[in-house]
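Okay, query-v8.pdb is below, PDB, C-alpha atoms:
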MODEL        1
ATOM      1  CA  MET F1278      -6.881  13.030  19.035
ATOM      2  CA  ALA F1279      -6.701  10.175  16.564
ATOM      3  CA  ASP F1280      -7.932   6.600  16.711
ATOM      4  CA  THR F1281      -6.686   3.234  15.495
ATOM      5  CA  SER F1282      -8.148   3.747  11.997
ATOM      6  CA  ASP F1283      -5.580   6.554  11.499
ATOM      7  CA  PHE F1284      -2.606   4.245  12.151
ATOM      8  CA  ARG F1285       0.044   4.061   9.422
ATOM      9  CA  THR F1286       3.759   3.312   9.369
ATOM     10  CA  GLY F1287       5.633   6.309  10.799
ATOM     11  CA  PHE F1288       2.569   7.594  12.728
ATOM     12  CA  THR F1289       3.886   9.277  15.907
ATOM     13  CA  MET F1290       1.915   9.432  19.151
ATOM     14  CA  GLU F1291       2.426  10.017  22.848
ATOM     15  CA  ILE F1292       1.936   7.118  25.273
ATOM     16  CA  ASP F1293       2.609   7.532  28.999
ATOM     17  CA  GLY F1294       4.603  10.720  28.340
ATOM     18  CA  ASN F1295       6.872   9.038  25.765
ATOM     19  CA  LEU F1296       6.930   9.639  22.017
ATOM     20  CA  VAL F1297       6.501   6.438  20.014
ATOM     21  CA  SER F1298       6.412   5.805  16.284
ATOM     22  CA  ILE F1299       4.635   2.906  14.562
ATOM     23  CA  VAL F1300       7.097   0.568  12.833
ATOM     24  CA  GLU F1301       4.408  -1.883  11.674
ATOM     25  CA  PHE F1302       0.769  -2.583  12.445
ATOM     26  CA  GLN F1303      -1.975  -5.079  11.640
ATOM     27  CA  HIS F1304      -5.757  -4.775  12.019
ATOM     28  CA  VAL F1305      -7.171  -8.074  13.369
ATOM     29  CA  LYS F1306     -10.863  -9.079  13.353
ATOM     30  CA  PRO F1307     -11.213 -12.426  15.090
ATOM     31  CA  GLY F1308     -14.336 -14.537  14.579
ATOM     32  CA  LYS F1309     -15.190 -14.118  18.231
ATOM     33  CA  GLY F1310     -14.776 -10.904  20.244
ATOM     34  CA  GLY F1311     -13.934  -7.347  19.231
ATOM     35  CA  ALA F1312     -11.454  -6.197  16.627
ATOM     36  CA  PHE F1313      -8.024  -4.978  17.668
ATOM     37  CA  VAL F1314      -4.818  -3.536  16.206
ATOM     38  CA  ARG F1315      -1.488  -5.251  16.851
ATOM     39  CA  THR F1316       1.456  -2.804  16.593
ATOM     40  CA  LYS F1317       5.227  -2.689  16.843
ATOM     41  CA  LEU F1318       6.185   0.666  18.395
ATOM     42  CA  LYS F1319       9.596   2.339  18.490
ATOM     43  CA  TYR F1320      10.382   4.815  21.270
ATOM     44  CA  VAL F1321      11.616   7.899  19.398
ATOM     45  CA  GLU F1322      14.175   8.998  21.996
ATOM     46  CA  SER F1323      15.638   5.646  23.099
ATOM     47  CA  GLY F1324      15.086   3.538  19.948
ATOM     48  CA  LYS F1325      13.606   0.661  21.987
ATOM     49  CA  VAL F1326      10.999  -1.408  20.081
ATOM     50  CA  VAL F1327       7.970  -2.906  21.876
ATOM     51  CA  ASP F1328       4.758  -4.712  20.898
ATOM     52  CA  LYS F1329       1.428  -3.195  21.939
ATOM     53  CA  THR F1330      -2.176  -4.092  21.176
ATOM     54  CA  PHE F1331      -4.944  -1.489  20.896
ATOM     55  CA  ARG F1332      -8.707  -2.087  20.862
ATOM     56  CA  ALA F1333     -10.323  -1.007  17.576
ATOM     57  CA  GLY F1334     -11.404   2.633  17.786
ATOM     58  CA  GLU F1335      -9.188   3.392  20.820
ATOM     59  CA  LYS F1336      -8.173   7.064  21.004
ATOM     60  CA  VAL F1337      -4.503   8.109  21.041
ATOM     61  CA  GLU F1338      -2.779  11.494  21.056
ATOM     62  CA  GLU F1339      -1.122  12.152  17.704
ATOM     63  CA  VAL F1340       2.099  14.190  17.749
ATOM     64  CA  ARG F1341       3.350  16.256  14.824
ATOM     65  CA  LEU F1342       7.121  16.133  14.336
ATOM     66  CA  GLU F1343       9.116  18.102  11.772
ATOM     67  CA  ASN F1344      12.438  17.285  10.111
ATOM     68  CA  HIS F1345      15.003  20.090   9.822
ATOM     69  CA  GLU F1346      18.453  20.013   8.242
ATOM     70  CA  TYR F1347      21.253  21.071  10.585
ATOM     71  CA  GLN F1348      25.010  21.243  10.146
ATOM     72  CA  TYR F1349      27.218  19.915  12.940
ATOM     73  CA  LEU F1350      29.712  22.620  13.920
ATOM     74  CA  PHE F1351      31.700  21.532  16.989
ATOM     75  CA  ASN F1352      31.573  20.144  20.494
ATOM     76  CA  ASP F1353      32.958  21.683  23.658
ATOM     77  CA  GLY F1354      33.026  18.900  26.189
ATOM     78  CA  ASP F1355      29.456  17.728  26.778
ATOM     79  CA  MET F1356      27.635  20.165  24.439
ATOM     80  CA  TYR F1357      27.362  19.607  20.683
ATOM     81  CA  THR F1358      26.559  22.677  18.561
ATOM     82  CA  PHE F1359      24.472  22.522  15.370
ATOM     83  CA  MET F1360      23.432  25.245  12.909
ATOM     84  CA  HIS F1361      20.152  25.314  10.953
ATOM     85  CA  THR F1362      21.119  25.250   7.255
ATOM     86  CA  GLU F1363      18.539  27.871   6.203
ATOM     87  CA  THR F1364      18.143  30.265   9.165
ATOM     88  CA  PHE F1365      21.739  29.872  10.513
ATOM     89  CA  GLU F1366      20.282  29.628  14.024
ATOM     90  CA  GLN F1367      22.531  27.633  16.360
ATOM     91  CA  ILE F1368      21.387  25.055  18.888
ATOM     92  CA  GLY F1369      23.363  23.162  21.526
ATOM     93  CA  LEU F1370      22.518  19.605  22.541
ATOM     94  CA  PRO F1371      23.925  17.605  25.462
ATOM     95  CA  LYS F1372      25.987  14.487  24.790
ATOM     96  CA  GLU F1373      23.213  12.253  26.224
ATOM     97  CA  ALA F1374      20.793  13.343  23.460
ATOM     98  CA  LEU F1375      23.179  12.128  20.736
ATOM     99  CA  THR F1376      24.360   8.740  21.993
ATOM    100  CA  ASP F1377      23.749   6.854  18.711
ATOM    101  CA  ALA F1378      24.983   9.643  16.412
ATOM    102  CA  ILE F1379      28.263  10.637  18.127
ATOM    103  CA  PRO F1380      30.529   7.943  16.580
ATOM    104  CA  TYR F1381      29.525   9.096  13.088
ATOM    105  CA  LEU F1382      29.645  12.910  13.523
ATOM    106  CA  LYS F1383      32.359  14.923  11.786
ATOM    107  CA  GLU F1384      32.524  18.701  11.734
ATOM    108  CA  ASN F1385      30.462  20.258   8.896
ATOM    109  CA  ASP F1386      28.372  17.080   8.379
ATOM    110  CA  THR F1387      24.671  17.617   7.695
ATOM    111  CA  VAL F1388      22.202  15.818   9.970
ATOM    112  CA  THR F1389      18.416  15.611  10.178
ATOM    113  CA  MET F1390      16.983  16.824  13.464
ATOM    114  CA  LEU F1391      13.509  15.652  14.467
ATOM    115  CA  MET F1392      11.754  18.563  16.193
ATOM    116  CA  ARG F1393       8.554  18.865  18.217
ATOM    117  CA  GLY F1394       7.803  22.555  17.949
ATOM    118  CA  GLU F1395      11.105  24.199  18.881
ATOM    119  CA  LYS F1396      12.342  21.246  20.981
ATOM    120  CA  PRO F1397      14.810  18.836  19.326
ATOM    121  CA  ILE F1398      13.875  15.173  19.888
ATOM    122  CA  THR F1399      16.508  13.149  18.014
ATOM    123  CA  VAL F1400      19.406  13.626  15.626
ATOM    124  CA  GLU F1401      19.655  11.292  12.627
ATOM    125  CA  VAL F1402      22.863  10.952  10.620
ATOM    126  CA  ALA F1403      22.961   9.754   7.013
ATOM    127  CA  ASN F1404      22.683   5.984   6.424
ATOM    128  CA  HIS F1405      26.281   5.919   5.143
ATOM    129  CA  VAL F1406      29.190   8.119   6.231
ATOM    130  CA  GLU F1407      32.765   8.356   5.009
ATOM    131  CA  LEU F1408      35.419   8.340   7.737
ATOM    132  CA  GLU F1409      39.220   8.239   7.614
ATOM    133  CA  VAL F1410      41.183   5.457   9.329
ATOM    134  CA  ALA F1411      43.223   6.948  12.196
ATOM    135  CA  LYS F1412      44.848   3.725  13.482
ATOM    136  CA  ALA F1413      45.089   0.253  11.967
ATOM    137  CA  ASP F1414      47.537  -2.568  12.517
ATOM    138  CA  PRO F1415      49.268  -3.786   9.375
ATOM    139  CA  GLY F1416      47.626  -6.799   7.737
ATOM    140  CA  VAL F1417      49.929  -9.745   7.086
ATOM    141  CA  LYS F1418      49.494 -11.692   3.846
ATOM    142  CA  GLY F1419      48.819 -15.362   4.357
ATOM    143  CA  ASP F1420      47.249 -14.886   7.812
ATOM    144  CA  THR F1421      44.034 -16.600   6.727
ATOM    145  CA  ALA F1422      42.712 -18.930   4.073
ATOM    146  CA  GLN F1423      39.571 -16.826   3.642
ATOM    147  CA  GLY F1424      39.336 -13.031   3.878
ATOM    148  CA  GLY F1425      40.375 -11.981   7.389
ATOM    149  CA  THR F1426      39.514  -8.867   9.352
ATOM    150  CA  LYS F1427      41.228  -6.606  11.866
ATOM    151  CA  PRO F1428      40.059  -3.730  14.082
ATOM    152  CA  ALA F1429      40.590  -0.178  12.825
ATOM    153  CA  GLU F1430      40.007   3.058  14.728
ATOM    154  CA  LEU F1431      38.409   5.818  12.663
ATOM    155  CA  GLU F1432      38.855   9.594  12.991
ATOM    156  CA  THR F1433      35.797   9.889  15.278
ATOM    157  CA  GLY F1434      37.029   7.187  17.673
ATOM    158  CA  LEU F1435      34.722   4.472  16.309
ATOM    159  CA  VAL F1436      36.358   1.030  16.064
ATOM    160  CA  VAL F1437      35.143  -1.268  13.258
ATOM    161  CA  GLN F1438      36.262  -4.597  11.803
ATOM    162  CA  VAL F1439      37.838  -4.081   8.366
ATOM    163  CA  PRO F1440      39.577  -6.303   5.771
ATOM    164  CA  LEU F1441      43.339  -6.843   6.148
ATOM    165  CA  PHE F1442      44.206  -4.582   3.173
ATOM    166  CA  VAL F1443      42.864  -1.419   4.868
ATOM    167  CA  GLU F1444      45.631   0.943   6.015
ATOM    168  CA  GLU F1445      45.908   4.171   8.015
ATOM    169  CA  GLY F1446      44.772   7.172   5.958
ATOM    170  CA  ASP F1447      42.225   5.196   3.908
ATOM    171  CA  VAL F1448      38.711   6.632   3.750
ATOM    172  CA  LEU F1449      35.995   4.059   4.446
ATOM    173  CA  ARG F1450      32.239   4.054   3.926
ATOM    174  CA  ILE F1451      30.459   2.918   7.116
ATOM    175  CA  ASP F1452      26.789   1.914   7.484
ATOM    176  CA  THR F1453      25.465   3.950  10.457
ATOM    177  CA  ARG F1454      22.522   1.586  11.030
ATOM    178  CA  THR F1455      24.753  -1.436  11.698
ATOM    179  CA  GLY F1456      28.111   0.205  12.446
ATOM    180  CA  LYS F1457      29.847  -2.016   9.888
ATOM    181  CA  TYR F1458      32.414  -1.409   7.159
ATOM    182  CA  LEU F1459      30.959  -1.288   3.631
ATOM    183  CA  THR F1460      33.758  -0.326   1.259
ATOM    184  CA  ARG F1461      36.936   1.680   0.804
ATOM    185  CA  VAL F1462      36.370   5.007  -0.967
TER     186      VAL F1462
ENDMDL
END

What does this structure look like when you write it as C-alpha cells?
Amino acid sequence: MADTSDFRTGFTMEIDGNLVSIVEFQHVKPGKGGAFVRTKLKYVESGKVVDKTFRAGEKVEEVRLENHEYQYLFNDGDMYTFMHTETFEQIGLPKEALTDAIPYLKENDTVTMLMRGEKPITVEVANHVELEVAKADPGVKGDTAQGGTKPAELETGLVVQVPLFVEEGDVLRIDTRTGKYLTRV
C-alpha cells in the first residue's frame, strides 16, 4: 500500500478494479480544512482521463507494471500474435485489446507491451511509424491557393489527410499519438 505522499507522474494504482496512471498531480493545503491532492488519472486499458481528488495521507494500492519489447508477427482474424524479442516466447492478443495500435501495426514492427506479472495490459507502438501509401487520388495543380490536402489510404488501412503531392507508393511518417501525416520519407 502507498499513500498520497508517494504520488508522482506515471505512478500506477488500482481503483475500483481498474488500473490508472497519474498524468499530473498537485498537493493543495488550503488555509481552512485538511490538505488534499488533486490528480488527473488515465485509465491504462481504455485511455480515458478523469480528475480525482484524494485526502492527504489516503492509502491506495500501488501496482507494479513492466515494459517488455515484443515483435508483431501476424494476425489470424481476431488474434494478433507477438514474440518477445529476448525469450522468443509468443503471445496472442484479441483484437479488442489493441484497438488504438491496430492502424499502425505492420509485420515485424517492434512494440512495447505493458505487463502486470505475466498478463499483458496494453500495447504501445512507437510515436512515429513509416507506412506506404496504398491508395491516393491524384492531386491536381492549381486546385487551391494555399496548400491543399486529400485523403490517402495506407498499407494498414488507415486513412489520413496528406498534401496533394503525395502519390501511391510513397512512404510517409505518421504520428501515432494524433494519427496525422508528418512528412514523406

Q) Looking at F:Glu1432, F:Glu1301, F:Asp1280, F:Glu1401, which one is nearest to Arg1315 of chain F, with distances taken over all atoms listed in the file? A) F:Glu1301

(Q) Can you translate the PyMOL selection byres ((chain F and resi 1323-1335) around 6) into the concrete residues it hits in this file, as a PyMOL selection string? (A) chain F and resi 1280-1281+1312-1322+1336

Q) What residues come out when you apply the PyMOL selection byres ((chain F and resi 1372) around 6) to this file, written as a list of chain:residue names? A) F:Asp1355, F:Met1356, F:Pro1371, F:Glu1373, F:Ala1374, F:Leu1375

Dump as a JSON list (two decimals), in the frame of the given file, selection limited to C-alpha atoms:
[["chain", "number", "residue", "atom", "x", "y", "z"],
["F", 1355, "ASP", "CA", 29.46, 17.73, 26.78],
["F", 1356, "MET", "CA", 27.64, 20.16, 24.44],
["F", 1371, "PRO", "CA", 23.92, 17.60, 25.46],
["F", 1373, "GLU", "CA", 23.21, 12.25, 26.22],
["F", 1374, "ALA", "CA", 20.79, 13.34, 23.46],
["F", 1375, "LEU", "CA", 23.18, 12.13, 20.74]]

Q: Quote the spacing between atom CA of Leu1441 of chain F and atom CA of Thr1376 of chain F in Å to one decimal place.
A: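 One can read the atom CA of Leu1441 of chain F to atom CA of Thr1376 of chain F distance as 29.2 Å.
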
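Minimum atom-to-atom distance to Leu1296 of chain F, evaluated using all atoms listed in the file, belongs to F:Arg1341 out of F:Arg1450, F:Lys1309, F:Arg1341, F:His1405.
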
Would you place a box with edges along x, y and z of the file around all atoms of segment 1448-1453 of chain F listed there, add 6 Å to each of its six sides, and report the centre and edge lengths in Å to one decimal, as AutoDock Vina command-line options?
--center_x 32.1 --center_y 4.3 --center_z 7.1 --size_x 25.2 --size_y 16.7 --size_z 18.7

Q | Pick from F:Lys1396, F:His1361, F:His1304, F:Lys1383, whichever lies nearest to Leu1342 of chain F using only C-alpha atoms | A |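 Under the stated criterion, the closest residue is F:Lys1396.
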
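Atom to atom, atom CA of Lys1457 of chain F and atom CA of Asp1386 of chain F stand 19.2 Å apart.
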
Q) Between F:Asp1353, F:Asp1283, F:Glu1407, F:Glu1346, which is the closest to Leu1391 of chain F once you count only C-alpha atoms? A) F:Glu1346

Q | Point-to-point distance from atom CA of Gly1287 of chain F to atom CA of Thr1453 of chain F, Å rounded to tenths | A |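 Taking atom CA of Gly1287 of chain F and atom CA of Thr1453 of chain F, their separation equals 20.0 Å.
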
Q. Applied to this file, what does the PyMOL selection byres ((chain F and resi 1345) around 9) return in terms of residues, put as number ranges by chain?
A. F: 1343-1344, 1346-1347, 1361-1362, 1388-1392

(Q) Please return as a PyMOL selection string every residue within 8 Å of (-8.1, 11.3, 17.9), taking into account only C-alpha atoms and the file's own coordinates. (A) chain F and resi 1278-1280+1336-1339

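For the set F:Val1340, F:Val1305, F:Met1360, F:Ile1368, the residue with the smallest atom-to-atom gap to Glu1395 of chain F is F:Ile1368, counting all atoms listed in the file.
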
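When the distance limit is 12 Å and only C-alpha atoms are what count, the residues near Gly1456 of chain F, minus those fewer than 2 positions from it on the same chain, are Asp1377, Ala1378, Ile1379, Pro1380, Tyr1381, Asn1404, His1405, Val1406, Glu1407, Leu1408, Leu1431, Leu1435, Val1436, Val1437, Gln1438, Val1439, Leu1449, Arg1450, Ile1451, Asp1452, Thr1453, Arg1454, Tyr1458 and Leu1459 of chain F.
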
**Q.** Option closest in space to Ala1403 of chain F, from F:Thr1358, F:Thr1387, F:Thr1433, F:Ser1298 [counting only C-alpha atoms]
**A.**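 Between F:Thr1358, F:Thr1387, F:Thr1433, F:Ser1298, the residue approaching Ala1403 of chain F most closely is F:Thr1387.
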
(Q) Can you pull out the residues contacting Phe1442 of chain F? Cut-off 9 Å, using all atoms listed in the file, and skip same-chain residues under 3 positions away; I want them as an MDAnalysis selection string. (A) chainID F and resid 1415:1418 1426 1439

Put segment 1355-1427 of chain F into a file with C-alpha atoms, as a PDB file, in the first residue's frame.
ATOM      1  CA  ASP F1355      -9.270 -11.695 -34.346  1.00  0.00           C
ATOM      2  CA  MET F1356      -5.974 -12.818 -32.734  1.00  0.00           C
ATOM      3  CA  TYR F1357      -2.735 -10.845 -33.067  1.00  0.00           C
ATOM      4  CA  THR F1358       0.499 -12.755 -32.382  1.00  0.00           C
ATOM      5  CA  PHE F1359       3.583 -11.145 -30.813  1.00  0.00           C
ATOM      6  CA  MET F1360       7.016 -12.578 -29.969  1.00  0.00           C
ATOM      7  CA  HIS F1361       9.193 -11.497 -27.024  1.00  0.00           C
ATOM      8  CA  THR F1362      12.436 -10.151 -28.538  1.00  0.00           C
ATOM      9  CA  GLU F1363      14.714 -11.838 -25.970  1.00  0.00           C
ATOM     10  CA  THR F1364      12.996 -15.110 -24.969  1.00  0.00           C
ATOM     11  CA  PHE F1365      11.211 -15.702 -28.339  1.00  0.00           C
ATOM     12  CA  GLU F1366       8.072 -16.635 -26.391  1.00  0.00           C
ATOM     13  CA  GLN F1367       4.905 -15.969 -28.396  1.00  0.00           C
ATOM     14  CA  ILE F1368       1.712 -14.426 -27.067  1.00  0.00           C
ATOM     15  CA  GLY F1369      -1.660 -13.936 -28.750  1.00  0.00           C
ATOM     16  CA  LEU F1370      -3.892 -10.957 -28.011  1.00  0.00           C
ATOM     17  CA  PRO F1371      -7.501 -10.405 -29.098  1.00  0.00           C
ATOM     18  CA  LYS F1372      -8.343  -7.544 -31.448  1.00  0.00           C
ATOM     19  CA  GLU F1373     -10.222  -5.702 -28.652  1.00  0.00           C
ATOM     20  CA  ALA F1374      -7.001  -5.354 -26.605  1.00  0.00           C
ATOM     21  CA  LEU F1375      -5.258  -3.497 -29.452  1.00  0.00           C
ATOM     22  CA  THR F1376      -7.870  -1.013 -30.662  1.00  0.00           C
ATOM     23  CA  ASP F1377      -5.547   2.039 -30.684  1.00  0.00           C
ATOM     24  CA  ALA F1378      -2.490   0.205 -32.053  1.00  0.00           C
ATOM     25  CA  ILE F1379      -4.030  -1.760 -34.961  1.00  0.00           C
ATOM     26  CA  PRO F1380      -3.930   1.021 -37.615  1.00  0.00           C
ATOM     27  CA  TYR F1381      -0.178   1.414 -37.070  1.00  0.00           C
ATOM     28  CA  LEU F1382       0.911  -2.262 -36.859  1.00  0.00           C
ATOM     29  CA  LYS F1383       2.986  -3.780 -39.657  1.00  0.00           C
ATOM     30  CA  GLU F1384       4.500  -7.244 -39.566  1.00  0.00           C
ATOM     31  CA  ASN F1385       7.933  -7.340 -37.851  1.00  0.00           C
ATOM     32  CA  ASP F1386       7.388  -3.975 -36.087  1.00  0.00           C
ATOM     33  CA  THR F1387       8.636  -3.754 -32.503  1.00  0.00           C
ATOM     34  CA  VAL F1388       6.127  -2.668 -29.850  1.00  0.00           C
ATOM     35  CA  THR F1389       6.278  -2.094 -26.100  1.00  0.00           C
ATOM     36  CA  MET F1390       3.916  -4.280 -24.109  1.00  0.00           C
ATOM     37  CA  LEU F1391       2.927  -3.162 -20.613  1.00  0.00           C
ATOM     38  CA  MET F1392       2.692  -6.271 -18.422  1.00  0.00           C
ATOM     39  CA  ARG F1393       1.321  -6.927 -14.941  1.00  0.00           C
ATOM     40  CA  GLY F1394       3.100 -10.115 -13.984  1.00  0.00           C
ATOM     41  CA  GLU F1395       2.528 -12.381 -16.987  1.00  0.00           C
ATOM     42  CA  LYS F1396      -0.688 -10.624 -18.096  1.00  0.00           C
ATOM     43  CA  PRO F1397      -0.400  -8.087 -20.945  1.00  0.00           C
ATOM     44  CA  ILE F1398      -2.249  -4.828 -20.193  1.00  0.00           C
ATOM     45  CA  THR F1399      -1.629  -2.582 -23.211  1.00  0.00           C
ATOM     46  CA  VAL F1400       0.415  -2.466 -26.395  1.00  0.00           C
ATOM     47  CA  GLU F1401       2.206   0.783 -27.253  1.00  0.00           C
ATOM     48  CA  VAL F1402       3.547   1.466 -30.742  1.00  0.00           C
ATOM     49  CA  ALA F1403       6.357   3.923 -31.464  1.00  0.00           C
ATOM     50  CA  ASN F1404       5.442   7.637 -31.540  1.00  0.00           C
ATOM     51  CA  HIS F1405       6.186   7.744 -35.285  1.00  0.00           C
ATOM     52  CA  VAL F1406       5.734   4.957 -37.838  1.00  0.00           C
ATOM     53  CA  GLU F1407       6.543   4.767 -41.531  1.00  0.00           C
ATOM     54  CA  LEU F1408       3.751   3.420 -43.739  1.00  0.00           C
ATOM     55  CA  GLU F1409       3.400   3.094 -47.514  1.00  0.00           C
ATOM     56  CA  VAL F1410       0.522   4.753 -49.384  1.00  0.00           C
ATOM     57  CA  ALA F1411      -1.736   2.047 -50.862  1.00  0.00           C
ATOM     58  CA  LYS F1412      -4.358   4.314 -52.495  1.00  0.00           C
ATOM     59  CA  ALA F1413      -4.367   8.043 -53.200  1.00  0.00           C
ATOM     60  CA  ASP F1414      -6.252  10.121 -55.727  1.00  0.00           C
ATOM     61  CA  PRO F1415      -4.056  12.221 -57.991  1.00  0.00           C
ATOM     62  CA  GLY F1416      -3.562  15.807 -56.827  1.00  0.00           C
ATOM     63  CA  VAL F1417      -4.384  18.474 -59.399  1.00  0.00           C
ATOM     64  CA  LYS F1418      -2.145  21.543 -59.593  1.00  0.00           C
ATOM     65  CA  GLY F1419      -3.979  24.796 -59.104  1.00  0.00           C
ATOM     66  CA  ASP F1420      -6.770  23.239 -57.003  1.00  0.00           C
ATOM     67  CA  THR F1421      -6.095  25.616 -54.115  1.00  0.00           C
ATOM     68  CA  ALA F1422      -4.441  28.922 -53.372  1.00  0.00           C
ATOM     69  CA  GLN F1423      -2.871  27.542 -50.193  1.00  0.00           C
ATOM     70  CA  GLY F1424      -1.568  24.001 -49.663  1.00  0.00           C
ATOM     71  CA  GLY F1425      -4.475  21.577 -50.087  1.00  0.00           C
ATOM     72  CA  THR F1426      -4.946  18.081 -48.727  1.00  0.00           C
ATOM     73  CA  LYS F1427      -6.542  14.843 -49.883  1.00  0.00           C
TER      74      LYS F1427
END
